[in-house]
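Asks: A single structure is presented below for examination.
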Amino acid sequence: MSPGSRPRQPSLAQLRAFVAVAEQLHFREAAAEIGMSQPALSGAVSALEEALGVQLLERTTRKVLLSPAGERVAARARTVLEAVGELMEEAEAARAPFTGVLRLGVIPTVAPYLLPTVLRLTHGSYPDLDLQVHEEQTASLLEGLTQGRLDLLLLAVPLGVPQVTELPLFDEDFVLVAPKQHWLGGRADIPREALKELDLLLLDEGHCLRDQALDICREAGRDEGAPVTTTAAGLSTLVQLVAGGLGVTLLPRTALRVETARNDLLTTGYFADPQPSRRIALVMRTGAARSAEFEEFAGALREAMRLLPVRVVGG
């Protein structure tokens, strides 16, 4: 570009190509991420540099680095692409609610127990909605929501995260699951203080249910340094460890039937009021283009979940 001439308008394709490279710092991986050939991606980035009149990348034989200008332009480009995505969502939502793709993120301690209800509702009431489900842990889901990879989340709250709106669905109690013949089995008035001395089995780090269980234990006065020697990646494994006599665990009520119904090596017990519980909600980006649609969906889900062993809350 000649000195004094004004930069040309970059295309969205050029911005997408550059943002992909800025995130991956690798041309081949960036090309694969956005479904573009590597030569086309390289050409798009070069065209963007020519259009703007600045060098965005520092290329060597071994790696790709962002120049200082590239760092600033990448941040702006992401904002532009997010705005364009929101514009397309706005247009799609305006054309017809409950049509097109809905990318729903669900945590692992909810997915197996609530998805049947979600899917029945979707198929019965919103047949034109293309529901795509992604099961991930909370941190990954929130990242996907804020970056636009996901539209709506189904998980435990509160999150304490800015720029997201929680639409509460229900509260559910935790139940003590123990080996058969355990002294707390069959009781309906277990004091929380009983958790102080029990061998408690928990999920791995990263699961919000682990954090909730630890919070309950702290409230019961359990020593924060009390060892947790065995953990599991999922509730099914956790229950098998309990059946094997390694300790006890806490299950949300919605998981109880699925995980314990056909295992005669287990017993359950219920806590005295107020019972420890968790709240499940739909979570969306604050100000999302499809906010009204998501709020209606939340209302329909609340009604559908009245058949579950939960206490429905919210609007």
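Numbering starts fresh at 1 for the residues of each chain in the structure tokens, the chains themselves are lettered A, B, ... in the order given, and ligands are numbered from 1 as they appear.
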Can you check which parts of segment 123-151 of chain A lie within 12 Å of segment 286-308 of chain A? Per residue, the shortest pair of atoms and distance in Å to one decimal, counting only C-alpha atoms, sorted by chain and number, as a tab-separated table.

Replies:
residue	atom	partner	partner_atom	distance
A:Gly124	CA	A:Ala304	CA	11.2
A:Ser125	CA	A:Ala300	CA	9.0
A:Tyr126	CA	A:Phe297	CA	9.5
A:Leu129	CA	A:Phe297	CA	11.4
A:Leu145	CA	A:Thr286	CA	10.6
A:Thr146	CA	A:Thr286	CA	9.8
A:Gly148	CA	A:Ala288	CA	10.3
A:Leu150	CA	A:Ala288	CA	11.6
A:Asp151	CA	A:Ala288	CA	8.6

Asks: May I have a table of the residues of segment 13-123 of chain A lying at most 12 Å from segment 249-273 of chain A, giving each one's closest pair of atoms and their distance in Å to one decimal, counting only C-alpha atoms, ordered by chain and ascending residue number, as JSON lines?

Replies:
{"residue": "A:Pro108", "atom": "CA", "partner": "A:Ala255", "partner_atom": "CA", "distance": 11.0}
{"residue": "A:Thr109", "atom": "CA", "partner": "A:Ala255", "partner_atom": "CA", "distance": 7.9}
{"residue": "A:Val110", "atom": "CA", "partner": "A:Ala255", "partner_atom": "CA", "distance": 8.0}
{"residue": "A:Ala111", "atom": "CA", "partner": "A:Ala255", "partner_atom": "CA", "distance": 9.8}
{"residue": "A:Pro112", "atom": "CA", "partner": "A:Ala255", "partner_atom": "CA", "distance": 8.0}
{"residue": "A:Tyr113", "atom": "CA", "partner": "A:Ala255", "partner_atom": "CA", "distance": 5.8}
{"residue": "A:Leu114", "atom": "CA", "partner": "A:Thr254", "partner_atom": "CA", "distance": 7.6}
{"residue": "A:Leu115", "atom": "CA", "partner": "A:Thr254", "partner_atom": "CA", "distance": 11.1}
{"residue": "A:Pro116", "atom": "CA", "partner": "A:Thr254", "partner_atom": "CA", "distance": 11.6}
{"residue": "A:Thr117", "atom": "CA", "partner": "A:Thr254", "partner_atom": "CA", "distance": 11.3}

Asks: Would you save the residues of that selection, restricted to N, CA, C and O atoms, as a tab-separated table (two decimals), in the first residue's frame?

Replies:
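Result file part-v6.tsv:
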chain	number	residue	atom	x	y	z
A	108	PRO	N	-21.51	-33.29	33.40
A	108	PRO	CA	-21.66	-34.75	33.46
A	108	PRO	C	-22.56	-35.25	34.59
A	108	PRO	O	-23.14	-36.34	34.47
A	109	THR	N	-22.69	-34.50	35.69
A	109	THR	CA	-23.53	-34.97	36.80
A	109	THR	C	-24.99	-34.59	36.61
A	109	THR	O	-25.82	-34.81	37.50
A	110	VAL	N	-25.31	-34.03	35.46
A	110	VAL	CA	-26.69	-33.70	35.09
A	110	VAL	C	-27.12	-34.47	33.85
A	110	VAL	O	-28.24	-34.97	33.76
A	111	ALA	N	-26.21	-34.58	32.88
A	111	ALA	CA	-26.56	-35.09	31.55
A	111	ALA	C	-27.33	-36.41	31.56
A	111	ALA	O	-28.42	-36.50	30.96
A	112	PRO	N	-26.85	-37.48	32.21
A	112	PRO	CA	-27.55	-38.77	32.08
A	112	PRO	C	-28.94	-38.78	32.72
A	112	PRO	O	-29.78	-39.61	32.37
A	113	TYR	N	-29.21	-37.87	33.64
A	113	TYR	CA	-30.41	-37.92	34.44
A	113	TYR	C	-31.49	-36.94	33.98
A	113	TYR	O	-32.67	-37.19	34.17
A	114	LEU	N	-31.07	-35.84	33.35
A	114	LEU	CA	-32.03	-34.84	32.91
A	114	LEU	C	-32.22	-34.81	31.40
A	114	LEU	O	-33.25	-34.34	30.92
A	115	LEU	N	-31.24	-35.29	30.65
A	115	LEU	CA	-31.38	-35.22	29.19
A	115	LEU	C	-32.60	-35.97	28.66
A	115	LEU	O	-33.22	-35.50	27.69
A	116	PRO	N	-33.00	-37.11	29.22
A	116	PRO	CA	-34.23	-37.72	28.71
A	116	PRO	C	-35.42	-36.78	28.76
A	116	PRO	O	-36.22	-36.71	27.82
A	117	THR	N	-35.55	-36.02	29.85
A	117	THR	CA	-36.64	-35.05	29.96
A	117	THR	C	-36.48	-33.92	28.95
A	117	THR	O	-37.43	-33.50	28.29

Asks: Using only C-alpha atoms, which residues sit within 7 Å of Asp128 of chain A once same-chain residues fewer than 5 positions away are excluded, as a list in words?

Replies: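 The residues that qualify are Phe98, Thr99 and Gly100 of chain A.
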
Asks: By how many Å are atom CA of Arg149 of chain A and atom CA of Lys63 of chain A apart?

Replies: 26.8 Å

Asks: Please measure the separation of atom CA of Gln38 of chain A and atom CA of Ser11 of chain A, giving the value in Å to one decimal.

Replies: 17.7 Å

Asks: Write down as a ChimeraX atom specification the residues belonging to segment 80-203 of chain A that are assigned alpha helix (DSSP H) by DSSP computed on the backbone.

Replies: /A:80-95,111-125,138-146

Asks: Could you write out the selected residues, including N, CA and C atoms, as a tab-separated table (two decimals), in the first residue's frame?

Replies:
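File again-v4.tsv, as written:
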chain	number	residue	atom	x	y	z
A	80	VAL	N	-15.30	-7.99	16.38
A	80	VAL	CA	-16.07	-7.85	15.14
A	80	VAL	C	-16.78	-9.15	14.80
A	81	LEU	N	-16.07	-10.28	14.88
A	81	LEU	CA	-16.65	-11.56	14.52
A	81	LEU	C	-17.77	-11.96	15.49
A	82	GLU	N	-17.58	-11.65	16.78
A	82	GLU	CA	-18.64	-11.93	17.75
A	82	GLU	C	-19.88	-11.10	17.44
A	83	ALA	N	-19.68	-9.83	17.05
A	83	ALA	CA	-20.81	-8.97	16.73
A	83	ALA	C	-21.55	-9.48	15.49
A	84	VAL	N	-20.80	-9.94	14.51
A	84	VAL	CA	-21.42	-10.49	13.30
A	84	VAL	C	-22.21	-11.75	13.65
A	85	GLY	N	-21.63	-12.60	14.53
A	85	GLY	CA	-22.34	-13.79	14.96
A	85	GLY	C	-23.64	-13.45	15.67
A	86	GLU	N	-23.62	-12.43	16.52
A	86	GLU	CA	-24.83	-12.01	17.21
A	86	GLU	C	-25.85	-11.46	16.23
A	87	LEU	N	-25.38	-10.74	15.21
A	87	LEU	CA	-26.29	-10.24	14.19
A	87	LEU	C	-26.99	-11.39	13.47
A	88	MET	N	-26.25	-12.44	13.14
A	88	MET	CA	-26.85	-13.58	12.46
A	88	MET	C	-27.84	-14.30	13.38
A	89	GLU	N	-27.50	-14.41	14.68
A	89	GLU	CA	-28.43	-15.01	15.63
A	89	GLU	C	-29.71	-14.19	15.73
A	90	GLU	N	-29.55	-12.87	15.78
A	90	GLU	CA	-30.71	-11.98	15.87
A	90	GLU	C	-31.63	-12.19	14.69
A	91	ALA	N	-31.03	-12.26	13.50
A	91	ALA	CA	-31.84	-12.44	12.30
A	91	ALA	C	-32.53	-13.80	12.31
A	92	GLU	N	-31.81	-14.84	12.74
A	92	GLU	CA	-32.40	-16.18	12.76
A	92	GLU	C	-33.53	-16.25	13.77
A	93	ALA	N	-33.31	-15.67	14.95
A	93	ALA	CA	-34.34	-15.70	15.98
A	93	ALA	C	-35.57	-14.91	15.56
A	94	ALA	N	-35.35	-13.80	14.86
A	94	ALA	CA	-36.47	-12.98	14.41
A	94	ALA	C	-37.30	-13.70	13.36
A	95	ARG	N	-36.63	-14.50	12.53
A	95	ARG	CA	-37.36	-15.22	11.48
A	95	ARG	C	-38.32	-16.23	12.08
A	111	ALA	N	-26.21	-34.58	32.88
A	111	ALA	CA	-26.56	-35.09	31.55
A	111	ALA	C	-27.33	-36.41	31.56
A	112	PRO	N	-26.85	-37.48	32.21
A	112	PRO	CA	-27.55	-38.77	32.08
A	112	PRO	C	-28.94	-38.78	32.72
A	113	TYR	N	-29.21	-37.87	33.64
A	113	TYR	CA	-30.41	-37.92	34.44
A	113	TYR	C	-31.49	-36.94	33.98
A	114	LEU	N	-31.07	-35.84	33.35
A	114	LEU	CA	-32.03	-34.84	32.91
A	114	LEU	C	-32.22	-34.81	31.40
A	115	LEU	N	-31.24	-35.29	30.65
A	115	LEU	CA	-31.38	-35.22	29.19
A	115	LEU	C	-32.60	-35.97	28.66
A	116	PRO	N	-33.00	-37.11	29.22
A	116	PRO	CA	-34.23	-37.72	28.71
A	116	PRO	C	-35.42	-36.78	28.76
A	117	THR	N	-35.55	-36.02	29.85
A	117	THR	CA	-36.64	-35.05	29.96
A	117	THR	C	-36.48	-33.92	28.95
A	118	VAL	N	-35.24	-33.42	28.82
A	118	VAL	CA	-34.97	-32.34	27.86
A	118	VAL	C	-35.27	-32.79	26.44
A	119	LEU	N	-34.86	-34.00	26.08
A	119	LEU	CA	-35.05	-34.48	24.72
A	119	LEU	C	-36.52	-34.75	24.42
A	120	ARG	N	-37.26	-35.29	25.39
A	120	ARG	CA	-38.70	-35.50	25.18
A	120	ARG	C	-39.41	-34.17	24.95
A	121	LEU	N	-39.05	-33.17	25.75
A	121	LEU	CA	-39.67	-31.85	25.57
A	121	LEU	C	-39.34	-31.29	24.19
A	122	THR	N	-38.06	-31.38	23.81
A	122	THR	CA	-37.64	-30.80	22.54
A	122	THR	C	-38.34	-31.48	21.37
A	123	HIS	N	-38.35	-32.81	21.36
A	123	HIS	CA	-38.98	-33.54	20.25
A	123	HIS	C	-40.48	-33.31	20.21
A	124	GLY	N	-41.10	-33.21	21.38
A	124	GLY	CA	-42.55	-33.06	21.41
A	124	GLY	C	-43.03	-31.65	21.14
A	125	SER	N	-42.33	-30.66	21.69
A	125	SER	CA	-42.81	-29.28	21.60
A	125	SER	C	-42.08	-28.43	20.58
A	138	THR	N	-17.83	-27.70	34.05
A	138	THR	CA	-18.36	-26.33	34.14
A	138	THR	C	-17.43	-25.29	33.51
A	139	ALA	N	-16.14	-25.34	33.81
A	139	ALA	CA	-15.22	-24.32	33.31
A	139	ALA	C	-15.20	-24.31	31.78
A	140	SER	N	-15.17	-25.49	31.18
A	140	SER	CA	-15.16	-25.58	29.72
A	140	SER	C	-16.47	-25.07	29.13
A	141	LEU	N	-17.59	-25.39	29.79
A	141	LEU	CA	-18.89	-24.92	29.30
A	141	LEU	C	-18.98	-23.40	29.33
A	142	LEU	N	-18.53	-22.80	30.43
A	142	LEU	CA	-18.59	-21.33	30.53
A	142	LEU	C	-17.71	-20.67	29.48
A	143	GLU	N	-16.55	-21.25	29.24
A	143	GLU	CA	-15.69	-20.72	28.18
A	143	GLU	C	-16.38	-20.82	26.83
A	144	GLY	N	-17.03	-21.96	26.58
A	144	GLY	CA	-17.75	-22.13	25.32
A	144	GLY	C	-18.90	-21.16	25.17
A	145	LEU	N	-19.59	-20.86	26.27
A	145	LEU	CA	-20.70	-19.92	26.22
A	145	LEU	C	-20.21	-18.50	25.92
A	146	THR	N	-19.20	-18.06	26.66
A	146	THR	CA	-18.73	-16.69	26.49
A	146	THR	C	-18.06	-16.47	25.15

Asks: With distances taken over only C-alpha atoms, which residue among A:Val64, A:Val133, A:Arg72, A:Gln275 lies nearest Arg28 of chain A?

Replies: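 Using only C-alpha atoms, the shortest distance to Arg28 of chain A belongs to A:Val64.
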
Asks: Please report the interatomic distance between atom CA of Val164 of chain A and atom CA of Met284 of chain A in Å with one decimal.

Replies: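 Separation between atom CA of Val164 of chain A and atom CA of Met284 of chain A: 5.6 Å.
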
Asks: Identify, with DSSP run on backbone atoms, the residues in segment 90-192 of chain A assigned to strand (DSSP E), and express the list as an MDAnalysis selection string.

Replies: chainID A and resid 100:106 129:135 152:157 164:179

Asks: Choose the residue, out of A:Ile107, A:Leu25, A:Leu48, A:Ala40, that has the smallest atom-to-atom separation from Arg62 of chain A; count only C-alpha atoms.

Replies: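 For Arg62 of chain A, the nearest of the given residues is A:Leu25.
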
Asks: Write out as a VMD selection string each polymer residue whose atoms come within 12 Å of Glu166 of chain A, counting only C-alpha atoms; drop sequence neighbours fewer than 6 positions from it.

Replies: chain A and resid 152 to 160 279 to 287 291 294 to 295 298 314 to 315
